[in-house]
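So this block is data-v3.cif, mmCIF, C-alpha atoms:
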data_data
#
loop_
_atom_site.label_atom_id
_atom_site.label_comp_id
_atom_site.auth_asym_id
_atom_site.auth_seq_id
_atom_site.Cartn_x
_atom_site.Cartn_y
_atom_site.Cartn_z
CA MET U 721 7.29 2.39 59.80
CA ILE U 722 7.35 4.62 62.89
CA SER U 723 9.42 7.79 63.40
CA PHE U 724 9.83 9.89 66.57
CA CYS U 725 11.02 13.49 66.92
CA VAL U 726 11.42 15.53 70.11
CA GLU U 727 9.84 18.88 69.27
CA ASP U 728 10.34 20.54 72.65
CA ALA U 729 12.15 18.68 75.41
CA ALA U 730 11.23 21.28 78.03
CA THR U 731 7.49 20.73 77.53
CA GLY U 732 7.76 17.05 76.60
CA THR U 733 6.37 17.59 73.11
CA VAL U 734 7.07 14.65 70.80
CA THR U 735 5.93 14.06 67.21
CA VAL U 736 5.30 10.49 66.15
CA LEU U 737 4.78 9.63 62.50
CA GLU U 738 3.48 6.21 61.48
CA GLN U 739 3.07 4.68 58.06
CA TRP U 740 0.60 1.80 57.68
CA ALA U 741 -0.58 -0.20 54.71
CA PRO U 742 -3.01 -1.84 54.36
CA GLN U 743 -5.80 -0.41 56.52
CA ASP U 744 -6.36 -3.70 58.36
CA ALA U 745 -2.76 -3.56 59.64
CA LEU U 746 -3.47 -0.17 61.24
CA ASP U 747 -6.81 -1.40 62.60
CA GLY U 748 -5.09 -4.41 64.18
CA HIS U 749 -2.37 -2.24 65.72
CA VAL U 750 -4.88 0.18 67.27
CA ALA U 751 -6.89 -2.75 68.68
CA THR U 752 -3.96 -4.22 70.64
CA PRO U 753 -4.16 -4.01 74.45
CA GLU U 754 -0.97 -1.94 74.57
CA ILE U 755 -2.21 0.75 72.21
CA THR U 756 -5.68 0.74 73.77
CA ALA U 757 -4.08 1.32 77.19
CA LEU U 758 -1.82 4.08 75.83
CA LEU U 759 -4.74 5.90 74.21
CA THR U 760 -6.88 5.49 77.32
CA LYS U 761 -4.19 7.00 79.55
CA TRP U 762 -2.80 9.67 77.25
CA GLY U 763 -5.68 10.29 74.82
CA PRO U 764 -6.71 13.62 76.35
CA ARG U 765 -3.15 14.92 75.84
CA ILE U 766 -2.66 13.57 72.33
CA ARG U 767 -3.52 15.31 69.08
CA ASN U 768 -4.25 12.51 66.65
CA GLU U 769 -4.30 13.30 62.95
CA VAL U 770 -4.80 10.66 60.28
CA ARG U 771 -3.91 11.48 56.70
CA ARG U 772 -4.28 9.05 53.84
CA PHE U 773 -2.31 9.21 50.60
CA HIS U 774 -2.21 7.08 47.49
CA ALA U 775 1.04 5.28 46.69
CA ASP U 776 1.72 7.88 44.01
CA GLY U 777 1.65 10.64 46.64
CA THR U 778 -1.70 12.15 45.71
CA ASP U 779 -4.35 12.94 48.29
CA PRO U 780 -7.24 10.43 48.03
CA ARG U 781 -9.74 13.09 49.12
CA THR U 782 -9.39 14.85 45.76
#
Before anything else, please render the file you have as structure tokens.
Amino acid sequence: MISFCVEDAATGTVTVLEQWAPQDALDGHVATPEITALLTKWGPRIRNEVRRFHADGTDPRT
């Protein structure tokens, strides 16, 4: 599932939320030529945060 939100149209700030399960689905997505090209071009301007949660909503780091 992917969701987009325009945070600030004047500055072009957009938030993109993605939900992936299982991990190999995310790994395959990131390895595609399209995503590789996007990250190569825009990577320096992107803040990338990955957060993992269990299905019950708890944080797996705890």
Which residues are near range 760-777 of chain U? Cut-off 12 Å, only C-alpha atoms, ignore same chain within fewer than 6 positions. Put them as a ChimeraX atom specification. /U:732-743,746,750-751,753-754
Could you work out how far CA of Pro780 in chain U lies from CA of Ala745 in chain U, giving the answer in Å with one decimal? 18.7 Å
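CA of Cys725 in chain U is positioned 18.2 Å from CA of Leu758 in chain U.
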Which distance in Å separates CA of His749 in chain U and CA of Ile722 in chain U, to one decimal?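 Between CA of His749 in chain U and CA of Ile722 in chain U the gap works out to 12.2 Å.
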All heavy atoms are what I want for range 729-740 of chain U; can you complete it accordingly and write them as a PDB file, in the frame of the given file?
ATOM      1  N   ALA U 729      11.819  19.503  74.249  1.00  0.00           N
ATOM      2  CA  ALA U 729      12.150  18.680  75.410  1.00  0.00           C
ATOM      3  C   ALA U 729      11.655  19.295  76.710  1.00  0.00           C
ATOM      4  O   ALA U 729      11.259  18.581  77.633  1.00  0.00           O
ATOM      5  CB  ALA U 729      13.657  18.440  75.480  1.00  0.00           C
ATOM      6  N   ALA U 730      11.652  20.608  76.802  1.00  0.00           N
ATOM      7  CA  ALA U 730      11.230  21.280  78.030  1.00  0.00           C
ATOM      8  C   ALA U 730       9.759  21.025  78.339  1.00  0.00           C
ATOM      9  O   ALA U 730       9.382  20.883  79.505  1.00  0.00           O
ATOM     10  CB  ALA U 730      11.496  22.784  77.924  1.00  0.00           C
ATOM     11  N   THR U 731       8.930  20.964  77.306  1.00  0.00           N
ATOM     12  CA  THR U 731       7.490  20.730  77.530  1.00  0.00           C
ATOM     13  C   THR U 731       7.109  19.275  77.316  1.00  0.00           C
ATOM     14  O   THR U 731       5.964  18.899  77.549  1.00  0.00           O
ATOM     15  CB  THR U 731       6.644  21.597  76.580  1.00  0.00           C
ATOM     16  OG1 THR U 731       6.917  21.225  75.226  1.00  0.00           O
ATOM     17  CG2 THR U 731       6.913  23.075  76.795  1.00  0.00           C
ATOM     18  N   GLY U 732       8.061  18.461  76.849  1.00  0.00           N
ATOM     19  CA  GLY U 732       7.760  17.050  76.600  1.00  0.00           C
ATOM     20  C   GLY U 732       6.970  16.822  75.330  1.00  0.00           C
ATOM     21  O   GLY U 732       6.267  15.827  75.208  1.00  0.00           O
ATOM     22  N   THR U 733       7.100  17.720  74.361  1.00  0.00           N
ATOM     23  CA  THR U 733       6.370  17.590  73.110  1.00  0.00           C
ATOM     24  C   THR U 733       7.142  16.696  72.142  1.00  0.00           C
ATOM     25  O   THR U 733       8.298  16.966  71.825  1.00  0.00           O
ATOM     26  CB  THR U 733       6.144  18.967  72.467  1.00  0.00           C
ATOM     27  OG1 THR U 733       5.459  19.805  73.398  1.00  0.00           O
ATOM     28  CG2 THR U 733       5.322  18.855  71.195  1.00  0.00           C
ATOM     29  N   VAL U 734       6.474  15.624  71.711  1.00  0.00           N
ATOM     30  CA  VAL U 734       7.070  14.650  70.800  1.00  0.00           C
ATOM     31  C   VAL U 734       6.135  14.459  69.612  1.00  0.00           C
ATOM     32  O   VAL U 734       4.923  14.382  69.777  1.00  0.00           O
ATOM     33  CB  VAL U 734       7.282  13.297  71.514  1.00  0.00           C
ATOM     34  CG1 VAL U 734       7.836  12.247  70.562  1.00  0.00           C
ATOM     35  CG2 VAL U 734       8.176  13.464  72.725  1.00  0.00           C
ATOM     36  N   THR U 735       6.704  14.380  68.412  1.00  0.00           N
ATOM     37  CA  THR U 735       5.930  14.060  67.210  1.00  0.00           C
ATOM     38  C   THR U 735       6.228  12.627  66.837  1.00  0.00           C
ATOM     39  O   THR U 735       7.388  12.210  66.798  1.00  0.00           O
ATOM     40  CB  THR U 735       6.304  14.992  66.055  1.00  0.00           C
ATOM     41  OG1 THR U 735       5.958  16.326  66.413  1.00  0.00           O
ATOM     42  CG2 THR U 735       5.572  14.610  64.775  1.00  0.00           C
ATOM     43  N   VAL U 736       5.173  11.875  66.579  1.00  0.00           N
ATOM     44  CA  VAL U 736       5.300  10.490  66.150  1.00  0.00           C
ATOM     45  C   VAL U 736       4.600  10.353  64.806  1.00  0.00           C
ATOM     46  O   VAL U 736       3.440  10.712  64.670  1.00  0.00           O
ATOM     47  CB  VAL U 736       4.651   9.523  67.175  1.00  0.00           C
ATOM     48  CG1 VAL U 736       4.789   8.081  66.707  1.00  0.00           C
ATOM     49  CG2 VAL U 736       5.241   9.704  68.559  1.00  0.00           C
ATOM     50  N   LEU U 737       5.338   9.865  63.831  1.00  0.00           N
ATOM     51  CA  LEU U 737       4.780   9.630  62.500  1.00  0.00           C
ATOM     52  C   LEU U 737       4.746   8.129  62.261  1.00  0.00           C
ATOM     53  O   LEU U 737       5.726   7.438  62.529  1.00  0.00           O
ATOM     54  CB  LEU U 737       5.629  10.302  61.425  1.00  0.00           C
ATOM     55  CG  LEU U 737       5.819  11.806  61.559  1.00  0.00           C
ATOM     56  CD1 LEU U 737       6.816  12.301  60.528  1.00  0.00           C
ATOM     57  CD2 LEU U 737       4.497  12.521  61.422  1.00  0.00           C
ATOM     58  N   GLU U 738       3.618   7.631  61.778  1.00  0.00           N
ATOM     59  CA  GLU U 738       3.480   6.210  61.480  1.00  0.00           C
ATOM     60  C   GLU U 738       2.994   6.030  60.050  1.00  0.00           C
ATOM     61  O   GLU U 738       2.174   6.802  59.574  1.00  0.00           O
ATOM     62  CB  GLU U 738       2.473   5.555  62.424  1.00  0.00           C
ATOM     63  CG  GLU U 738       2.833   5.665  63.881  1.00  0.00           C
ATOM     64  CD  GLU U 738       1.813   5.008  64.776  1.00  0.00           C
ATOM     65  OE1 GLU U 738       1.307   3.922  64.415  1.00  0.00           O
ATOM     66  OE2 GLU U 738       1.517   5.590  65.818  1.00  0.00           O
ATOM     67  N   GLN U 739       3.503   5.011  59.410  1.00  0.00           N
ATOM     68  CA  GLN U 739       3.070   4.680  58.060  1.00  0.00           C
ATOM     69  C   GLN U 739       2.522   3.260  58.084  1.00  0.00           C
ATOM     70  O   GLN U 739       3.218   2.324  58.494  1.00  0.00           O
ATOM     71  CB  GLN U 739       4.252   4.761  57.094  1.00  0.00           C
ATOM     72  CG  GLN U 739       3.900   4.383  55.677  1.00  0.00           C
ATOM     73  CD  GLN U 739       5.107   4.495  54.760  1.00  0.00           C
ATOM     74  OE1 GLN U 739       6.056   5.236  55.039  1.00  0.00           O
ATOM     75  NE2 GLN U 739       5.093   3.755  53.684  1.00  0.00           N
ATOM     76  N   TRP U 740       1.267   3.108  57.666  1.00  0.00           N
ATOM     77  CA  TRP U 740       0.600   1.800  57.680  1.00  0.00           C
ATOM     78  C   TRP U 740      -0.032   1.500  56.337  1.00  0.00           C
ATOM     79  O   TRP U 740      -0.652   2.352  55.725  1.00  0.00           O
ATOM     80  CB  TRP U 740      -0.497   1.785  58.749  1.00  0.00           C
ATOM     81  CG  TRP U 740       0.056   1.868  60.118  1.00  0.00           C
ATOM     82  CD1 TRP U 740       0.286   3.003  60.839  1.00  0.00           C
ATOM     83  CD2 TRP U 740       0.493   0.796  60.938  1.00  0.00           C
ATOM     84  NE1 TRP U 740       0.830   2.707  62.049  1.00  0.00           N
ATOM     85  CE2 TRP U 740       0.974   1.338  62.146  1.00  0.00           C
ATOM     86  CE3 TRP U 740       0.532  -0.583  60.775  1.00  0.00           C
ATOM     87  CZ2 TRP U 740       1.472   0.563  63.176  1.00  0.00           C
ATOM     88  CZ3 TRP U 740       1.027  -1.357  61.810  1.00  0.00           C
ATOM     89  CH2 TRP U 740       1.493  -0.782  62.991  1.00  0.00           C
TER      90      TRP U 740
END
